[in-house]
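Student: Here you go, my_file_15.cif (mmCIF, C-alpha atoms):
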```
data_run
loop_
_atom_site.label_atom_id
_atom_site.label_comp_id
_atom_site.auth_asym_id
_atom_site.auth_seq_id
_atom_site.Cartn_x
_atom_site.Cartn_y
_atom_site.Cartn_z
CA GLU Z 344 125.30 73.95 126.91
CA ASP Z 345 126.15 77.66 127.16
CA ILE Z 346 129.69 78.92 126.66
CA LEU Z 347 131.15 82.37 127.19
CA LEU Z 348 132.93 83.80 124.19
CA SER Z 349 135.37 86.61 124.84
CA LEU Z 350 135.79 89.20 122.15
CA PRO Z 351 139.23 90.42 121.06
CA SER Z 352 141.24 92.35 123.64
CA ASN Z 353 140.29 95.70 122.10
CA GLN Z 354 136.63 94.88 122.91
CA THR Z 355 135.38 95.17 126.46
CA SER Z 356 132.04 93.38 126.21
CA LYS Z 357 131.34 89.65 126.56
CA MET Z 358 128.35 87.69 125.41
CA TRP Z 359 126.68 84.36 126.14
CA LYS Z 360 126.04 82.21 123.12
CA LYS Z 361 124.46 78.82 122.59
CA LYS Z 362 127.10 76.34 121.44
CA SER Z 363 124.52 74.37 119.47
CA LYS Z 364 123.88 77.35 117.19
CA LEU Z 365 127.51 77.27 116.04
CA THR Z 366 128.17 73.53 115.79
CA ASP Z 367 124.87 72.00 114.65
CA GLN Z 368 124.43 73.85 111.36
CA THR Z 369 122.88 70.95 109.46
CA ALA Z 370 120.03 70.17 111.83
CA THR Z 371 116.55 70.16 110.32
CA GLY Z 372 115.22 73.68 109.77
CA GLN Z 373 118.60 75.34 110.14
CA GLY Z 374 120.39 76.95 107.25
CA PRO Z 375 123.79 78.59 107.24
CA VAL Z 376 124.96 80.22 110.45
CA SER Z 377 124.08 83.71 109.17
CA ASP Z 378 120.45 82.58 108.61
CA VAL Z 379 120.23 81.17 112.13
CA PHE Z 380 121.63 84.31 113.71
CA GLU Z 381 119.46 86.63 111.64
CA LYS Z 382 116.24 84.72 112.30
CA GLU Z 383 116.80 84.24 116.00
CA GLY Z 384 118.47 87.56 116.77
CA VAL Z 385 121.67 85.98 118.07
CA GLY Z 386 125.08 87.39 117.23
CA ILE Z 387 128.31 88.81 118.47
CA LYS Z 388 128.12 92.52 119.27
CA LYS Z 389 131.08 94.44 117.86
CA ARG Z 390 132.26 97.99 118.42
CA SER Z 391 132.53 100.40 115.51
CA LYS Z 392 135.13 103.14 115.23
CA VAL Z 393 132.21 105.50 114.53
CA PRO Z 394 130.19 106.33 117.70
CA GLY Z 395 126.52 105.35 117.60
CA VAL Z 396 126.93 102.45 115.16
CA MET Z 397 125.69 99.06 116.36
CA ILE Z 398 127.29 96.03 114.69
CA THR Z 399 126.13 92.44 114.97
CA GLN Z 400 128.50 89.80 113.59
CA TYR Z 401 126.73 86.61 112.46
CA VAL Z 402 129.70 84.23 112.47
CA GLU Z 403 132.32 83.50 115.07
CA LYS Z 404 135.27 83.80 112.66
CA ILE Z 405 135.30 85.90 109.50
CA PRO Z 406 137.53 84.57 106.66
CA ASP Z 407 140.69 86.51 105.81
CA GLY Z 408 140.04 89.41 103.46
CA LYS Z 409 136.33 89.54 104.35
CA SER Z 410 134.57 91.79 106.88
CA HIS Z 411 131.25 92.59 108.47
CA PRO Z 412 129.59 95.90 107.48
CA ASP Z 413 130.48 99.15 109.22
CA PHE Z 414 129.85 102.84 108.67
CA THR Z 415 132.74 105.15 107.86
CA ARG Z 416 130.36 108.11 107.79
CA LYS Z 417 126.95 108.00 109.40
CA PRO Z 418 123.95 110.19 108.55
CA ILE Z 419 123.70 113.50 110.45
CA ALA Z 420 120.57 114.61 112.35
CA LEU Z 421 118.59 117.21 110.46
CA THR Z 422 116.17 119.98 111.42
CA ILE Z 423 114.46 121.44 108.37
CA GLN Z 424 111.44 123.55 107.41
CA GLU Z 425 108.43 121.75 106.01
CA GLY Z 426 108.26 121.81 102.23
CA LYS Z 427 112.05 121.72 101.86
CA PHE Z 428 114.26 118.93 100.47
CA ALA Z 429 115.77 116.68 103.17
CA PHE Z 430 118.36 113.96 102.72
CA PHE Z 431 120.67 111.68 104.69
CA LYS Z 432 124.04 110.37 103.46
CA ALA Z 433 125.96 107.33 104.65
CA LEU Z 434 129.24 105.65 103.68
CA VAL Z 435 129.62 101.95 104.43
CA ILE Z 436 132.38 99.39 104.13
CA GLY Z 437 132.40 95.61 104.20
CA ASP Z 438 133.42 92.64 102.09
CA PRO Z 439 131.29 91.45 100.38
CA GLU Z 440 129.75 94.86 99.64
CA PRO Z 441 126.90 95.44 102.13
CA THR Z 442 123.32 95.97 101.05
CA VAL Z 443 122.01 99.27 102.46
CA THR Z 444 118.36 99.79 103.39
CA TRP Z 445 116.51 102.55 105.25
CA GLY Z 446 113.58 102.50 107.67
CA ARG Z 447 111.85 104.63 110.28
CA ASN Z 448 110.55 103.98 113.78
CA ASN Z 449 106.97 105.16 113.33
CA GLY Z 450 106.05 104.59 109.73
CA ASP Z 451 106.83 103.11 106.38
CA VAL Z 452 109.38 104.33 103.82
CA SER Z 453 108.08 102.37 100.82
CA ASP Z 454 106.14 105.34 99.34
CA THR Z 455 108.41 106.35 96.43
CA SER Z 456 106.64 109.71 96.09
CA LYS Z 457 107.98 110.66 99.56
CA TYR Z 458 111.16 108.55 99.95
CA VAL Z 459 113.88 107.83 97.40
CA THR Z 460 117.03 105.78 98.00
CA LYS Z 461 120.04 106.30 95.77
CA TYR Z 462 123.63 105.11 95.49
CA ASP Z 463 126.38 107.24 93.96
CA PRO Z 464 129.15 104.89 92.76
CA ALA Z 465 131.60 107.78 92.23
CA THR Z 466 131.48 108.86 95.89
CA ARG Z 467 130.23 105.49 97.27
CA GLU Z 468 127.52 107.43 99.16
CA HIS Z 469 124.15 105.91 100.02
CA LEU Z 470 121.47 108.62 99.94
CA PHE Z 471 117.98 108.71 101.42
CA GLU Z 472 116.00 111.64 99.99
CA MET Z 473 112.71 113.25 101.00
CA ALA Z 474 111.38 115.99 98.71
CA ASN Z 475 108.78 118.44 100.03
CA VAL Z 476 109.10 117.12 103.60
CA LYS Z 477 105.96 117.18 105.79
CA PRO Z 478 105.66 117.49 109.61
CA GLU Z 479 104.37 113.90 109.84
CA GLN Z 480 107.73 112.72 108.43
CA ALA Z 481 109.56 113.91 111.55
CA ASP Z 482 110.86 110.69 113.12
CA THR Z 483 113.90 108.60 113.99
CA TYR Z 484 115.20 106.94 110.85
CA LYS Z 485 117.50 103.91 110.65
CA CYS Z 486 120.13 102.95 108.11
CA PHE Z 487 120.94 99.23 107.85
CA ALA Z 488 124.04 97.82 106.15
CA ALA Z 489 124.12 94.01 105.89
CA ASN Z 490 126.18 91.25 104.31
CA GLU Z 491 126.60 87.53 105.02
CA PHE Z 492 128.94 88.22 107.97
CA GLY Z 493 126.89 90.77 109.88
CA ARG Z 494 124.80 93.89 110.06
CA ALA Z 495 125.50 97.49 111.09
CA VAL Z 496 122.73 99.85 112.15
CA VAL Z 497 122.72 103.57 112.86
CA THR Z 498 119.85 105.89 113.77
CA VAL Z 499 119.34 109.51 112.77
CA VAL Z 500 116.65 112.03 113.71
CA LEU Z 501 114.67 114.22 111.33
CA ASN Z 502 112.92 117.25 112.87
CA VAL Z 503 110.47 119.21 110.72
CA ILE Z 504 109.58 122.83 111.54
CA GLU Z 505 106.02 123.79 110.62
CA VAL Z 506 105.77 127.18 108.88
CA GLY Z 507 103.04 129.42 107.48
CA PHE Z 508 99.34 129.57 108.16
CA LYS Z 509 97.11 126.58 107.86
CA LYS Z 510 93.92 127.12 105.84
CA ALA Z 511 91.66 127.00 108.92
CA GLN Z 512 93.85 129.49 110.75
CA ALA Z 513 93.97 131.85 107.75
CA ASP Z 514 90.16 131.92 107.50
CA SER Z 515 89.81 132.91 111.15
CA GLN Z 516 92.31 135.79 110.89
CA VAL Z 517 91.27 139.46 110.66
CA GLN Z 518 91.12 140.86 107.14
CA PRO Z 519 94.31 142.84 106.28
CA GLU Z 520 92.38 146.07 105.47
CA ALA Z 521 90.69 146.01 108.90
CA ALA Z 522 94.04 145.47 110.62
CA VAL Z 523 95.56 148.48 108.80
CA ALA Z 524 92.57 150.69 109.74
CA ASP Z 525 92.89 149.65 113.41
CA PHE Z 526 96.61 150.42 113.37
CA LYS Z 527 96.01 153.88 111.83
CA SER Z 528 93.46 154.73 114.53
CA VAL Z 529 95.97 153.75 117.23
CA LEU Z 530 98.58 156.03 115.66
CA LYS Z 531 96.11 158.96 115.47
CA ARG Z 532 95.20 158.60 119.15
CA LYS Z 533 98.86 158.52 120.20
CA SER Z 534 99.67 161.61 118.13
CA LYS Z 535 96.87 163.57 119.89
CA ILE Z 536 98.35 162.73 123.32
CA GLN Z 537 101.81 164.09 122.61
CA PRO Z 538 102.36 167.93 122.50
#
```
The structure in this file should be written as structure tokens.

Tutor:
Amino acid sequence: EDILLSLPSNQTSKMWKKKSKLTDQTATGQGPVSDVFEKEGVGIKKRSKVPGVMITQYVEKIPDGKSHPDFTRKPIALTIQEGKFAFFKALVIGDPEPTVTWGRNNGDVSDTSKYVTKYDPATREHLFEMANVKPEQADTYKCFAANEFGRAVVTVVLNVIEVGFKKAQADSQVQPEAAVADFKSVLKRKSKIQP
């Protein structure tokens, strides 16, 4: 049987939810409610104070003093030259402390020679670093913060500007000495025209 759950008055959205998912937690093959929601993609959508953050709450009621993850500062879109050092920073809250992971839409971020994740306990910042960024790393990246009560997700875009000559292009270019000689001949012709 389906029931309609209304969110708190400061929330404007409503969502349909299967009652059996909330009440029949001990049925065969079902673990805790958070496992059921995570596996089946069911949850309560919540609104963050930070625009662009999507929050999914896994349980109907969160115990006092606990909270689902949220971002207090989300990563900022970045446009950078290839070969430079790129990084994203995020600040998250939640109790218990959320686990933060990073991903990208069109690729993998497991290559530790290209992607490094760090956490600075002094500033509580989660960092995602890319040294010597390449044009093929331009993509939409995602930052996930998750704990047992929910998950918050934010996306951020990395644009990479290609610079310099490629080897094939450099080989096909005119030799610098020939270009200087051509330029000198143009200057000589122009000087003959003027009185």

Student: Do a neighbour search on segment 477-487 of chain Z at 7 Å with only C-alpha atoms, toss out local chain neighbours closer than 5 positions, and write the hits as JSON, numbers by chain.

Tutor: {"Z": [425, 426, 443, 444, 445, 446, 447, 448, 449, 494, 495, 496, 497, 498, 499, 500, 501, 502, 503, 504, 505]}

Student: Identify, on the basis of only C-alpha atoms, every residue whose closest approach to Lys427 of chain Z does not exceed 8 Å; exclude the query and any residue fewer than 5 positions from it along the same chain; express the result as an mmCIF file with C-alpha atoms, in the coordinates of the input.

Tutor:
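out.cif, written as the output of this step:
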```
data_model
loop_
_atom_site.group_PDB
_atom_site.id
_atom_site.type_symbol
_atom_site.label_atom_id
_atom_site.label_comp_id
_atom_site.auth_asym_id
_atom_site.auth_seq_id
_atom_site.Cartn_x
_atom_site.Cartn_y
_atom_site.Cartn_z
ATOM 1 C CA ALA Z 474 111.380 115.990 98.710
ATOM 2 C CA ASN Z 475 108.780 118.440 100.030
ATOM 3 C CA VAL Z 476 109.100 117.120 103.600
#
```

Student: Quick one, how far is atom CA of Asn490 of chain Z from atom CA of Met397 of chain Z?

Tutor: 14.4 Å

Student: Which of these, Z:Leu434, Z:Ile387, Z:Ile423, Z:Met473, has the shortest distance to Tyr458 of chain Z once you count only C-alpha atoms?

Tutor: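 Closest candidate: Z:Met473.
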
Student: What is the distance between atom CA of Lys432 of chain Z and atom CA of Thr415 of chain Z, in Å to one decimal?

Tutor: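 These atoms are spaced 11.1 Å apart.
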
Student: Just how far from atom CA of Glu440 of chain Z is atom CA of Pro464 of chain Z, in Å to one decimal?

Tutor: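 For atom CA of Pro464 of chain Z relative to atom CA of Glu440 of chain Z, the distance reads 12.2 Å.
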
Student: Apply the PyMOL selection byres ((chain Z and resi 429) around 6) to the structure shown and report the selected residues as a list in words.

Tutor: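 Evaluating the PyMOL selection byres ((chain Z and resi 429) around 6) on these coordinates yields Phe428, Phe430, Glu472 and Met473 of chain Z.
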
Student: Return the single residue from Z:Gly437, Z:Gly450, Z:Gly395, Z:Gly493 that is closest to Ser410 of chain Z, with distances computed using only C-alpha atoms.

Tutor: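 Comparing Z:Gly437, Z:Gly450, Z:Gly395, Z:Gly493 against Ser410 of chain Z, the winner is Z:Gly437.
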
Student: Hey, what's within 9 Å of His411 of chain Z if we count all atoms listed in the file and toss same-chain stuff fewer than 4 positions away? As a ChimeraX atom specification, please?

Tutor: /Z:398-401,405,436-439,441,489-495

Student: Here's the selection I'm unsure about, the PyMOL selection byres ((chain Z and resi 466) around 12); applied to the file above, which residues does it give, as a PDB file with C-alpha atoms, in the coordinates of the input?

Tutor:
```pdb
ATOM      1  CA  ARG Z 416     130.360 108.110 107.790  1.00  0.00           C
ATOM      2  CA  LYS Z 432     124.040 110.370 103.460  1.00  0.00           C
ATOM      3  CA  ALA Z 433     125.960 107.330 104.650  1.00  0.00           C
ATOM      4  CA  LEU Z 434     129.240 105.650 103.680  1.00  0.00           C
ATOM      5  CA  VAL Z 435     129.620 101.950 104.430  1.00  0.00           C
ATOM      6  CA  LYS Z 461     120.040 106.300  95.770  1.00  0.00           C
ATOM      7  CA  TYR Z 462     123.630 105.110  95.490  1.00  0.00           C
ATOM      8  CA  ASP Z 463     126.380 107.240  93.960  1.00  0.00           C
ATOM      9  CA  PRO Z 464     129.150 104.890  92.760  1.00  0.00           C
ATOM     10  CA  ALA Z 465     131.600 107.780  92.230  1.00  0.00           C
ATOM     11  CA  ARG Z 467     130.230 105.490  97.270  1.00  0.00           C
ATOM     12  CA  GLU Z 468     127.520 107.430  99.160  1.00  0.00           C
ATOM     13  CA  HIS Z 469     124.150 105.910 100.020  1.00  0.00           C
ATOM     14  CA  LEU Z 470     121.470 108.620  99.940  1.00  0.00           C
TER      15      LEU Z 470
END
```
